[in-house]
Amino acid sequence: MAIILKSKEEIEKMRRAGHVLAELLKVLATEIAPGMKTKELDRITVRELARQGAKSSFKGYRGYPAHLCVSVNDEIVHGIPGGRVLQEGDLVSLDVGTIVDGFQADAATTVGIGEISPSARRLMETCEGALWAGIGKARNHGRLGDISATIQEYVESRGFSVVREYTGHGIGRDMHEDPQVPNFGVPGEGLELHEGMALALEPMITSGAWRTRLGDNGWTVLTADGSLAAHFEHTVAVTLGEPEVLTVL
Ligand code: MF3
Ligand code: CO
C-alpha cells in the first residue's frame, strides 16, 4: 500500500479531467428524460468526450463494456447502460471517469426523472449533503476517519444507510489508487491526510439496509432488500488550505 502524492502540475491535469467530467455530467443531467433508453446516455458520453478530447476510464476497465455507469432505483452502482427505458419517477445515478493527459477524474451524480417522490428526493439530497460534509474534512493533517465518520453520521442521522462493501479511493494516473475511503468510520482514526493527496469521495446510500447483491450481469450492484439507492462522487485534492474539488465547472 503506497499513497502517491501529486505535484501541482499533476493536479492541474486532474483539474482538466475534472472539468471535462463536470461538463459531461451537466449535459447528461440536462438531456436525460422519460422514455429514453439508458444506452442513449452512453452515446451522449462518447460524443461529449470526443468533443472535449478526453477518454472514458471505465470502458474496458476489467472488461467493463460501457463508457459510464447508469444505476436506476435499487441499483446502487456499476449499472450497465442498455435497453432499459427510463420512467417518470425513476432515481438514476450517473457515474463517469475521464482521462486527460494521462490523469483521471471520477464523479457521480443522482438525478430524478421528472417528478420523484418526496422520500426519493430526501435520499438524493442526503447523499449529496453527505458528500459535501465529507469533502469539508479532506484537509492537511486531518485523518481519513474524519471523512468516513462525517459521511456516516450525516447519512444515518437522517435515517438512511451507507453501503459498506464499496468505498471511495485514491485517484491519479490510475482510477483506483490507495487509500480506500470507506463511507463509515471513526473520527481521528486512520491515515493522516496530506497536501497532494487526491481522493474520490463517493457515498452510496440506501433508504433501507446497507447490504448489497450482485446482479446477473456480474457488474450491477443492487440493494439486497430492493430499497432505493443514491450515489454522489467528487474527486478532491488535499491542499494546505481548503479542499479543492476538481470535478466542478
Ligand atoms: N466510479 C467507480 C468507482 O469509483 C468505477 C466504476 S468501475 C467501472 O469505483 F468498471 F465501471 F469502470
Ligand atoms: Co470512484
# chains A, B, ... in the order shown; residues from 1 in each chain; ligands from 1
call {"tool": "residues_around", "arguments": {"residues": "range 226-232 of chain A", "least_positions_apart": "3", "cutoff": "9 Å", "atoms": "only C-alpha atoms", "output": "PyMOL selection string"}}
result
chain A and resi 71-77+91-95+107-111+120+123-124+126-128+130-131+201-209+222-223
call {"tool": "residues_near_ligand", "arguments": {"ligand": "ligand 2", "cutoff": "6 Å", "atoms": "only C-alpha atoms and all ligand atoms", "output": "short mmCIF file (atom, residue, chain, number, x, y, z; two decimals) with all heavy atoms, in the first residue's frame"}}
result
data_model
loop_
_atom_site.label_atom_id
_atom_site.label_comp_id
_atom_site.auth_asym_id
_atom_site.auth_seq_id
_atom_site.Cartn_x
_atom_site.Cartn_y
_atom_site.Cartn_z
N ASP A 106 -12.98 11.29 -11.43
CA ASP A 106 -14.08 10.35 -11.24
C ASP A 106 -15.18 11.11 -10.51
O ASP A 106 -14.91 11.76 -9.49
CB ASP A 106 -13.55 9.17 -10.41
CG ASP A 106 -14.49 7.98 -10.31
OD1 ASP A 106 -15.59 8.03 -10.89
OD2 ASP A 106 -14.12 7.01 -9.62
N GLY A 168 -14.92 4.88 -1.51
CA GLY A 168 -14.14 5.82 -2.31
C GLY A 168 -12.69 5.35 -2.34
O GLY A 168 -12.35 4.31 -1.79
N ALA A 200 -11.14 10.27 -4.45
CA ALA A 200 -12.52 10.25 -4.95
C ALA A 200 -13.40 9.85 -3.78
O ALA A 200 -13.31 8.72 -3.28
CB ALA A 200 -12.64 9.27 -6.10
#
call {"tool": "residues_around", "arguments": {"residues": "Gly145 in chain A", "least_positions_apart": "4", "cutoff": "9 Å", "atoms": "only C-alpha atoms", "output": "list of chain:residue names"}}
result
A:Ala149, A:Thr150, A:Val181, A:Pro182, A:Phe184, A:Gly185, A:Val186, A:Pro187, A:Gly188, A:Glu189, A:Gly190, A:Leu191, A:Glu192
call {"tool": "residues_near_ligand", "arguments": {"ligand": "ligand 1", "cutoff": "6 Å", "atoms": "only C-alpha atoms and all ligand atoms", "output": "PyMOL selection string"}}
result
chain A and resi 58+61+64+69+78+95+106
call {"tool": "select_by_dssp", "arguments": {"residues": "range 27-213 of chain A", "states": "helix (DSSP H, G or I)", "output": "PyMOL selection string"}}
result
chain A and resi 27-31+38-51+61-63+118-135+144-156
call {"tool": "closest_atom_pairs", "arguments": {"of": "range 68-165 of chain A", "to": "range 40-52 of chain A", "cutoff": "10 Å", "atoms": "only C-alpha atoms", "output": "CSV"}}
result
residue,atom,partner,partner_atom,distance
A:Leu68,CA,A:Asp42,CA,6.4
A:Cys69,CA,A:Asp42,CA,8.6
A:Val70,CA,A:Leu41,CA,8.1
A:Ile80,CA,A:Asp42,CA,9.3
A:Pro81,CA,A:Asp42,CA,6.6
A:Gly82,CA,A:Glu40,CA,8.0
A:Gly83,CA,A:Glu40,CA,8.9
A:Val85,CA,A:Glu40,CA,9.8
A:Leu94,CA,A:Leu41,CA,9.0
A:Val96,CA,A:Thr45,CA,8.7
A:Thr98,CA,A:Leu49,CA,8.2
A:Ile99,CA,A:Leu49,CA,9.6
A:Val100,CA,A:Gln52,CA,9.5
call {"tool": "write_last_selection", "arguments": {"atoms": "N, CA and C atoms", "output": "CSV table (one decimal), in the first residue's frame"}}
result
chain,number,residue,atom,x,y,z
A,68,LEU,N,-19.9,4.8,-19.2
A,68,LEU,CA,-20.3,5.3,-17.9
A,68,LEU,C,-21.2,4.2,-17.3
A,69,CYS,N,-21.5,4.4,-16.0
A,69,CYS,CA,-22.4,3.5,-15.3
A,69,CYS,C,-23.7,4.3,-15.1
A,70,VAL,N,-24.8,3.6,-15.3
A,70,VAL,CA,-26.2,4.2,-15.1
A,70,VAL,C,-26.9,3.2,-14.2
A,80,ILE,N,-25.0,-1.2,-16.1
A,80,ILE,CA,-24.5,-1.1,-17.5
A,80,ILE,C,-25.6,-0.5,-18.3
A,81,PRO,N,-25.4,0.6,-19.0
A,81,PRO,CA,-26.4,1.2,-19.9
A,81,PRO,C,-26.8,0.1,-21.0
A,82,GLY,N,-28.1,0.1,-21.3
A,82,GLY,CA,-28.7,-0.8,-22.2
A,82,GLY,C,-30.0,-0.5,-22.7
A,83,GLY,N,-30.9,-1.4,-22.8
A,83,GLY,CA,-32.2,-1.2,-23.4
A,83,GLY,C,-33.3,-0.8,-22.4
A,85,VAL,N,-35.8,1.4,-20.4
A,85,VAL,CA,-36.4,2.7,-20.7
A,85,VAL,C,-36.7,3.4,-19.4
A,94,LEU,N,-25.6,8.5,-12.3
A,94,LEU,CA,-24.7,8.6,-13.4
A,94,LEU,C,-23.3,8.7,-12.9
A,96,VAL,N,-19.1,8.5,-14.0
A,96,VAL,CA,-18.2,8.5,-15.2
A,96,VAL,C,-16.8,8.8,-14.7
A,98,THR,N,-13.0,10.1,-16.3
A,98,THR,CA,-12.3,10.7,-17.5
A,98,THR,C,-10.8,10.7,-17.4
A,99,ILE,N,-10.2,10.7,-18.5
A,99,ILE,CA,-8.7,10.7,-18.6
A,99,ILE,C,-8.3,11.9,-19.5
A,100,VAL,N,-7.5,12.8,-19.0
A,100,VAL,CA,-6.9,13.8,-19.9
A,100,VAL,C,-5.4,13.8,-19.6
call {"tool": "closest_residue", "arguments": {"among": "A:Gly136, A:Gly60, A:Gly215, A:Gly172", "to": "Val245 in chain A", "atoms": "only C-alpha atoms"}}
result
A:Gly136
call {"tool": "select_by_dssp", "arguments": {"residues": "range 7-168 of chain A", "states": "strand (DSSP E)", "output": "PyMOL selection string"}}
result
chain A and resi 55-56+69-72+75-77+91-100+103-112+161-162+168
call {"tool": "residues_around", "arguments": {"residues": "range 22-25 of chain A", "least_positions_apart": "2", "cutoff": "7 Å", "atoms": "only C-alpha atoms", "output": "ChimeraX atom specification"}}
result
/A:18-20,27-29,45,48,247-249
call {"tool": "write_last_selection", "arguments": {"atoms": "N, CA, C and O atoms", "output": "PDB file, in the first residue's frame"}}
result
ATOM      1  N   GLY A  18     -11.250  16.748 -14.563  1.00  0.00           N
ATOM      2  CA  GLY A  18     -12.420  17.004 -13.730  1.00  0.00           C
ATOM      3  C   GLY A  18     -13.382  17.985 -14.360  1.00  0.00           C
ATOM      4  O   GLY A  18     -14.606  17.840 -14.257  1.00  0.00           O
ATOM      5  N   HIS A  19     -12.826  18.969 -15.041  1.00  0.00           N
ATOM      6  CA  HIS A  19     -13.664  19.980 -15.687  1.00  0.00           C
ATOM      7  C   HIS A  19     -14.459  19.368 -16.833  1.00  0.00           C
ATOM      8  O   HIS A  19     -15.665  19.605 -16.981  1.00  0.00           O
ATOM      9  N   VAL A  20     -13.786  18.541 -17.631  1.00  0.00           N
ATOM     10  CA  VAL A  20     -14.460  17.819 -18.714  1.00  0.00           C
ATOM     11  C   VAL A  20     -15.599  16.971 -18.147  1.00  0.00           C
ATOM     12  O   VAL A  20     -16.712  16.922 -18.691  1.00  0.00           O
ATOM     13  N   VAL A  27     -24.363  17.952 -19.074  1.00  0.00           N
ATOM     14  CA  VAL A  27     -25.066  17.628 -20.326  1.00  0.00           C
ATOM     15  C   VAL A  27     -25.973  16.412 -20.123  1.00  0.00           C
ATOM     16  O   VAL A  27     -27.139  16.402 -20.528  1.00  0.00           O
ATOM     17  N   LEU A  28     -25.439  15.372 -19.467  1.00  0.00           N
ATOM     18  CA  LEU A  28     -26.236  14.161 -19.237  1.00  0.00           C
ATOM     19  C   LEU A  28     -27.481  14.477 -18.406  1.00  0.00           C
ATOM     20  O   LEU A  28     -28.588  14.020 -18.720  1.00  0.00           O
ATOM     21  N   ALA A  29     -27.304  15.284 -17.349  1.00  0.00           N
ATOM     22  CA  ALA A  29     -28.431  15.608 -16.476  1.00  0.00           C
ATOM     23  C   ALA A  29     -29.476  16.451 -17.196  1.00  0.00           C
ATOM     24  O   ALA A  29     -30.664  16.384 -16.878  1.00  0.00           O
ATOM     25  N   THR A  45     -22.270  10.304 -23.877  1.00  0.00           N
ATOM     26  CA  THR A  45     -20.955  10.326 -23.227  1.00  0.00           C
ATOM     27  C   THR A  45     -19.836  10.230 -24.258  1.00  0.00           C
ATOM     28  O   THR A  45     -18.870  11.009 -24.226  1.00  0.00           O
ATOM     29  N   GLU A  48     -19.684  13.595 -26.200  1.00  0.00           N
ATOM     30  CA  GLU A  48     -19.155  14.728 -25.424  1.00  0.00           C
ATOM     31  C   GLU A  48     -17.664  14.570 -25.127  1.00  0.00           C
ATOM     32  O   GLU A  48     -16.921  15.543 -25.156  1.00  0.00           O
ATOM     33  N   THR A 247     -13.812  18.142  -9.716  1.00  0.00           N
ATOM     34  CA  THR A 247     -14.847  17.760 -10.678  1.00  0.00           C
ATOM     35  C   THR A 247     -16.019  18.750 -10.660  1.00  0.00           C
ATOM     36  O   THR A 247     -17.178  18.362 -10.560  1.00  0.00           O
ATOM     37  N   VAL A 248     -15.665  20.028 -10.713  1.00  0.00           N
ATOM     38  CA  VAL A 248     -16.694  21.070 -10.827  1.00  0.00           C
ATOM     39  C   VAL A 248     -16.357  21.990 -11.992  1.00  0.00           C
ATOM     40  O   VAL A 248     -15.226  21.984 -12.479  1.00  0.00           O
ATOM     41  N   LEU A 249     -17.337  22.784 -12.414  1.00  0.00           N
ATOM     42  CA  LEU A 249     -17.109  23.690 -13.547  1.00  0.00           C
ATOM     43  C   LEU A 249     -16.387  24.955 -13.086  1.00  0.00           C
ATOM     44  O   LEU A 249     -16.439  25.309 -11.932  1.00  0.00           O
TER      45      LEU A 249
END
call {"tool": "residues_around", "arguments": {"residues": "Trp210 in chain A", "least_positions_apart": "3", "cutoff": "7 Å", "atoms": "only C-alpha atoms", "output": "ChimeraX atom specification"}}
result
/A:161-164,206
call {"tool": "atom_distance", "arguments": {"atom1": "CA of Ala138 in chain A", "atom2": "CA of Val236 in chain A"}}
result
7.7 Å
call {"tool": "atom_distance", "arguments": {"atom1": "CA of Asn217 in chain A", "atom2": "CA of Glu88 in chain A"}}
result
24.9 Å
call {"tool": "closest_residue", "arguments": {"among": "A:Glu242, A:Leu21, A:Glu31, A:Gly102", "to": "Glu9 in chain A", "atoms": "only C-alpha atoms"}}
result
A:Gly102
call {"tool": "closest_residue", "arguments": {"among": "A:Lys6, A:Lys55, A:Lys26, A:His234", "to": "Trp132 in chain A", "atoms": "only C-alpha atoms"}}
result
A:His234
call {"tool": "closest_residue", "arguments": {"among": "A:Ile113, A:Leu214, A:Phe103, A:Gly196", "to": "Ala33 in chain A", "atoms": "only C-alpha atoms"}}
result
A:Ile113
call {"tool": "closest_residue", "arguments": {"among": "A:His194, A:Lys39, A:Arg158, A:Arg16", "to": "Arg139 in chain A", "atoms": "only C-alpha atoms"}}
result
A:His194
call {"tool": "atom_distance", "arguments": {"atom1": "CA of Met175 in chain A", "atom2": "CA of Pro65 in chain A"}}
result
16.2 Å
call {"tool": "closest_residue", "arguments": {"among": "A:Val238, A:Gly97, A:Gln87, A:Lys8", "to": "Leu193 in chain A", "atoms": "only C-alpha atoms"}}
result
A:Val238
call {"tool": "residues_around", "arguments": {"residues": "Asn183 in chain A", "least_positions_apart": "3", "cutoff": "6 Å", "atoms": "only C-alpha atoms", "output": "ChimeraX atom specification"}}
result
/A:148,151-152,203
call {"tool": "write_last_selection", "arguments": {"atoms": "N, CA, C and O atoms", "output": "PDB file, in the first residue's frame"}}
result
ATOM      1  N   SER A 148     -14.728   9.653   6.698  1.00  0.00           N
ATOM      2  CA  SER A 148     -15.632   8.500   6.755  1.00  0.00           C
ATOM      3  C   SER A 148     -16.737   8.700   7.784  1.00  0.00           C
ATOM      4  O   SER A 148     -17.919   8.483   7.515  1.00  0.00           O
ATOM      5  N   ILE A 151     -19.390  11.419   6.894  1.00  0.00           N
ATOM      6  CA  ILE A 151     -20.366  10.942   5.907  1.00  0.00           C
ATOM      7  C   ILE A 151     -21.380  10.014   6.592  1.00  0.00           C
ATOM      8  O   ILE A 151     -22.597  10.169   6.439  1.00  0.00           O
ATOM      9  N   GLN A 152     -20.871   9.066   7.372  1.00  0.00           N
ATOM     10  CA  GLN A 152     -21.752   8.103   8.036  1.00  0.00           C
ATOM     11  C   GLN A 152     -22.759   8.796   8.957  1.00  0.00           C
ATOM     12  O   GLN A 152     -23.966   8.516   8.899  1.00  0.00           O
ATOM     13  N   PRO A 203     -20.061   8.640  -1.369  1.00  0.00           N
ATOM     14  CA  PRO A 203     -21.098   7.953  -0.602  1.00  0.00           C
ATOM     15  C   PRO A 203     -22.130   7.271  -1.506  1.00  0.00           C
ATOM     16  O   PRO A 203     -22.596   7.864  -2.477  1.00  0.00           O
TER      17      PRO A 203
END
